[in-house]
Amino acid sequence: MQSTRLRKLGGRYKDEDFEKVVKQLGGRAVLLVLIINKNCDECLKLHNFVNQLKQGAIDKLKNLVVLYGFNKTSLDLNAVERDRERSTKAQKEDDEKNKVSDTSNLYWDKIPNGHGYAIFLSEKNVLYYNDTYTHEELLPNIVDSIRRLNSAVRTIEGLKGKRQFMEKKRTGIIIETSGTTKQEKIIELEQKVATAGKKLHTPVFFCKGLTEEINMIEKGSNTYKLKGLNFDKFLKKTS
């Protein structure tokens, strides 16, 4: 029997639909909303992941709830733009009606091109991975999110999130890890952040990037950067 924590969706959904689910979870689990694009060859990896969950892997991820669906939106941006230029207002309205009635595909405005996923840590703390993203990082991102569910450690969604963090002139320490960073090292860093506790006067965020480095961001400006992941050295330099 398929787990009740794994469900296929179709039709058009709004933010509040998923926020209701997160509220029901009450901090006991993270929610993954996954949209698999039928025009993306790489999405076969996501499809295989869902199949593994169906076969029992979901039972090993006790703090995970998965809502998934498929979408056939073209990933050819030029074709999408041409279609948009040809569409009249009436045609667009018809398209919206079709989306509502089309229960074989999943539509959600937060992932408008129907290609990506979101991890809800809470109703307001949501990590979005869409457009161009690394499909292989889905499982590591899920595992990290589950581990950090009730932790002081926070996450931003990769380099895109880091850029938005700076554009919004936020303040915090960003620990950037790469695809080759060992999971043991990431867990060690999380423990160091937790141990530092009240000694830290600014929040700490983790993100997946191209290199290993730690940045001090103050009101959107990078005031100090340390190559590598020596958090103790970083704190000495910035305290």
# chains A, B, ... in the order shown; residues from 1 in each chain; ligands from 1

call {"tool": "residues_around", "arguments": {"residues": "Ser3 in chain A", "least_positions_apart": "5", "cutoff": "10 Å", "atoms": "only C-alpha atoms", "output": "JSON list (two decimals) with N, CA and C atoms, in the first residue's frame"}}
result
[["chain", "number", "residue", "atom", "x", "y", "z"],
["A", 53, "LEU", "N", 10.31, 6.10, -3.62],
["A", 53, "LEU", "CA", 9.47, 6.42, -2.47],
["A", 53, "LEU", "C", 8.26, 5.50, -2.43],
["A", 54, "LYS", "N", 7.65, 5.25, -3.61],
["A", 54, "LYS", "CA", 6.49, 4.38, -3.70],
["A", 54, "LYS", "C", 6.82, 2.96, -3.24],
["A", 55, "GLN", "N", 8.06, 2.55, -3.51],
["A", 55, "GLN", "CA", 8.47, 1.18, -3.20],
["A", 55, "GLN", "C", 8.90, 1.01, -1.74],
["A", 56, "GLY", "N", 8.78, 2.08, -0.96],
["A", 56, "GLY", "CA", 9.07, 1.94, 0.48],
["A", 56, "GLY", "C", 10.08, 2.89, 1.05],
["A", 57, "ALA", "N", 10.79, 3.63, 0.19],
["A", 57, "ALA", "CA", 11.81, 4.55, 0.69],
["A", 57, "ALA", "C", 11.21, 5.67, 1.53],
["A", 58, "ILE", "N", 9.93, 6.01, 1.28],
["A", 58, "ILE", "CA", 9.27, 7.07, 2.05],
["A", 58, "ILE", "C", 9.23, 6.70, 3.54],
["A", 59, "ASP", "N", 9.19, 5.41, 3.85],
["A", 59, "ASP", "CA", 9.12, 4.97, 5.24],
["A", 59, "ASP", "C", 10.43, 5.23, 5.99],
["A", 65, "VAL", "N", 6.87, 14.63, 3.95],
["A", 65, "VAL", "CA", 5.59, 14.45, 3.24],
["A", 65, "VAL", "C", 5.81, 14.96, 1.82],
["A", 66, "VAL", "N", 5.39, 14.20, 0.82],
["A", 66, "VAL", "CA", 5.66, 14.53, -0.58],
["A", 66, "VAL", "C", 4.35, 14.66, -1.37]]

call {"tool": "select_by_dssp", "arguments": {"residues": "range 109-224 of chain A", "states": "strand (DSSP E or B)", "output": "PyMOL selection string"}}
result
chain A and resi 116-120+126-130+154-155+172-177+204-208+213-218+221-224

call {"tool": "residues_around", "arguments": {"residues": "Val22 in chain A", "least_positions_apart": "2", "cutoff": "7 Å", "atoms": "only C-alpha atoms", "output": "number ranges by chain"}}
result
A: 18-20, 24-26, 31, 122-123

call {"tool": "residues_around", "arguments": {"residues": "range 219-234 of chain A", "least_positions_apart": "6", "cutoff": "12 Å", "atoms": "only C-alpha atoms", "output": "number ranges by chain"}}
result
A: 162-178, 181-182, 185-196, 200, 202, 204, 206, 210-213

call {"tool": "residues_around", "arguments": {"residues": "Asn71 in chain A", "least_positions_apart": "2", "cutoff": "7 Å", "atoms": "only C-alpha atoms", "output": "list in words"}}
result
Ile35, Ile36, Asn37, Lys38, Gly69, Thr73, Asn105, Leu106 and Gly114 of chain A

call {"tool": "select_by_dssp", "arguments": {"residues": "range 86-216 of chain A", "states": "alpha helix (DSSP H)", "output": "PyMOL selection string"}}
result
chain A and resi 86+89-101+138-147+158-167+183-196

call {"tool": "atom_distance", "arguments": {"atom1": "CA of Asn63 in chain A", "atom2": "CA of Arg7 in chain A"}}
result
15.1 Å

call {"tool": "closest_residue", "arguments": {"among": "A:Glu137, A:Asp131, A:Glu16, A:Asp109", "to": "Lys45 in chain A", "atoms": "only C-alpha atoms"}}
result
A:Glu137

call {"tool": "closest_atom_pairs", "arguments": {"of": "range 80-198 of chain A", "to": "range 27-30 of chain A", "cutoff": "9 Å", "atoms": "only C-alpha atoms", "output": "CSV"}}
result
residue,atom,partner,partner_atom,distance
A:Ile119,CA,A:Val30,CA,6.8
A:Phe120,CA,A:Val30,CA,5.7
A:Leu121,CA,A:Val30,CA,5.2
A:Ser122,CA,A:Gly27,CA,6.9
A:Ile142,CA,A:Val30,CA,8.4
A:Ser145,CA,A:Val30,CA,7.3
A:Ile146,CA,A:Val30,CA,6.4
A:Leu149,CA,A:Val30,CA,7.1
A:Asn150,CA,A:Gly27,CA,7.6

call {"tool": "closest_residue", "arguments": {"among": "A:Glu184, A:Leu139, A:Leu159, A:Cys40", "to": "His115 in chain A", "atoms": "only C-alpha atoms"}}
result
A:Cys40

call {"tool": "atom_distance", "arguments": {"atom1": "CA of Asp144 in chain A", "atom2": "CA of Lys236 in chain A"}}
result
26.7 Å

call {"tool": "atom_distance", "arguments": {"atom1": "CA of Asp15 in chain A", "atom2": "CA of Trp108 in chain A"}}
result
7.9 Å

call {"tool": "closest_residue", "arguments": {"among": "A:Arg154, A:Lys208, A:Lys60, A:Lys110", "to": "Pro140 in chain A", "atoms": "only C-alpha atoms"}}
result
A:Lys208

call {"tool": "residues_around", "arguments": {"residues": "Tyr133 in chain A", "least_positions_apart": "5", "cutoff": "10 Å", "atoms": "only C-alpha atoms", "output": "VMD selection string"}}
result
chain A and resid 115 to 117 138 158 160

call {"tool": "write_last_selection", "arguments": {"atoms": "N, CA and C atoms", "output": "PDB file, in the first residue's frame"}}
result
ATOM      1  N   HIS A 115       8.588  23.236 -13.620  1.00  0.00           N
ATOM      2  CA  HIS A 115       9.858  22.503 -13.598  1.00  0.00           C
ATOM      3  C   HIS A 115      10.615  22.866 -12.328  1.00  0.00           C
ATOM      4  N   GLY A 116      10.484  22.043 -11.296  1.00  0.00           N
ATOM      5  CA  GLY A 116      11.211  22.334 -10.070  1.00  0.00           C
ATOM      6  C   GLY A 116      10.499  21.797  -8.845  1.00  0.00           C
ATOM      7  N   TYR A 117      10.938  22.284  -7.693  1.00  0.00           N
ATOM      8  CA  TYR A 117      10.343  21.817  -6.452  1.00  0.00           C
ATOM      9  C   TYR A 117      10.510  22.865  -5.363  1.00  0.00           C
ATOM     10  N   LEU A 138      18.457  17.084  -5.194  1.00  0.00           N
ATOM     11  CA  LEU A 138      17.144  16.948  -4.559  1.00  0.00           C
ATOM     12  C   LEU A 138      17.232  16.194  -3.237  1.00  0.00           C
ATOM     13  N   GLY A 158      20.576  27.988  -2.515  1.00  0.00           N
ATOM     14  CA  GLY A 158      21.701  28.081  -3.437  1.00  0.00           C
ATOM     15  C   GLY A 158      22.154  29.496  -3.742  1.00  0.00           C
ATOM     16  N   LYS A 160      21.301  31.477  -6.095  1.00  0.00           N
ATOM     17  CA  LYS A 160      20.188  32.377  -6.390  1.00  0.00           C
ATOM     18  C   LYS A 160      19.659  32.994  -5.097  1.00  0.00           C
TER      19      LYS A 160
END
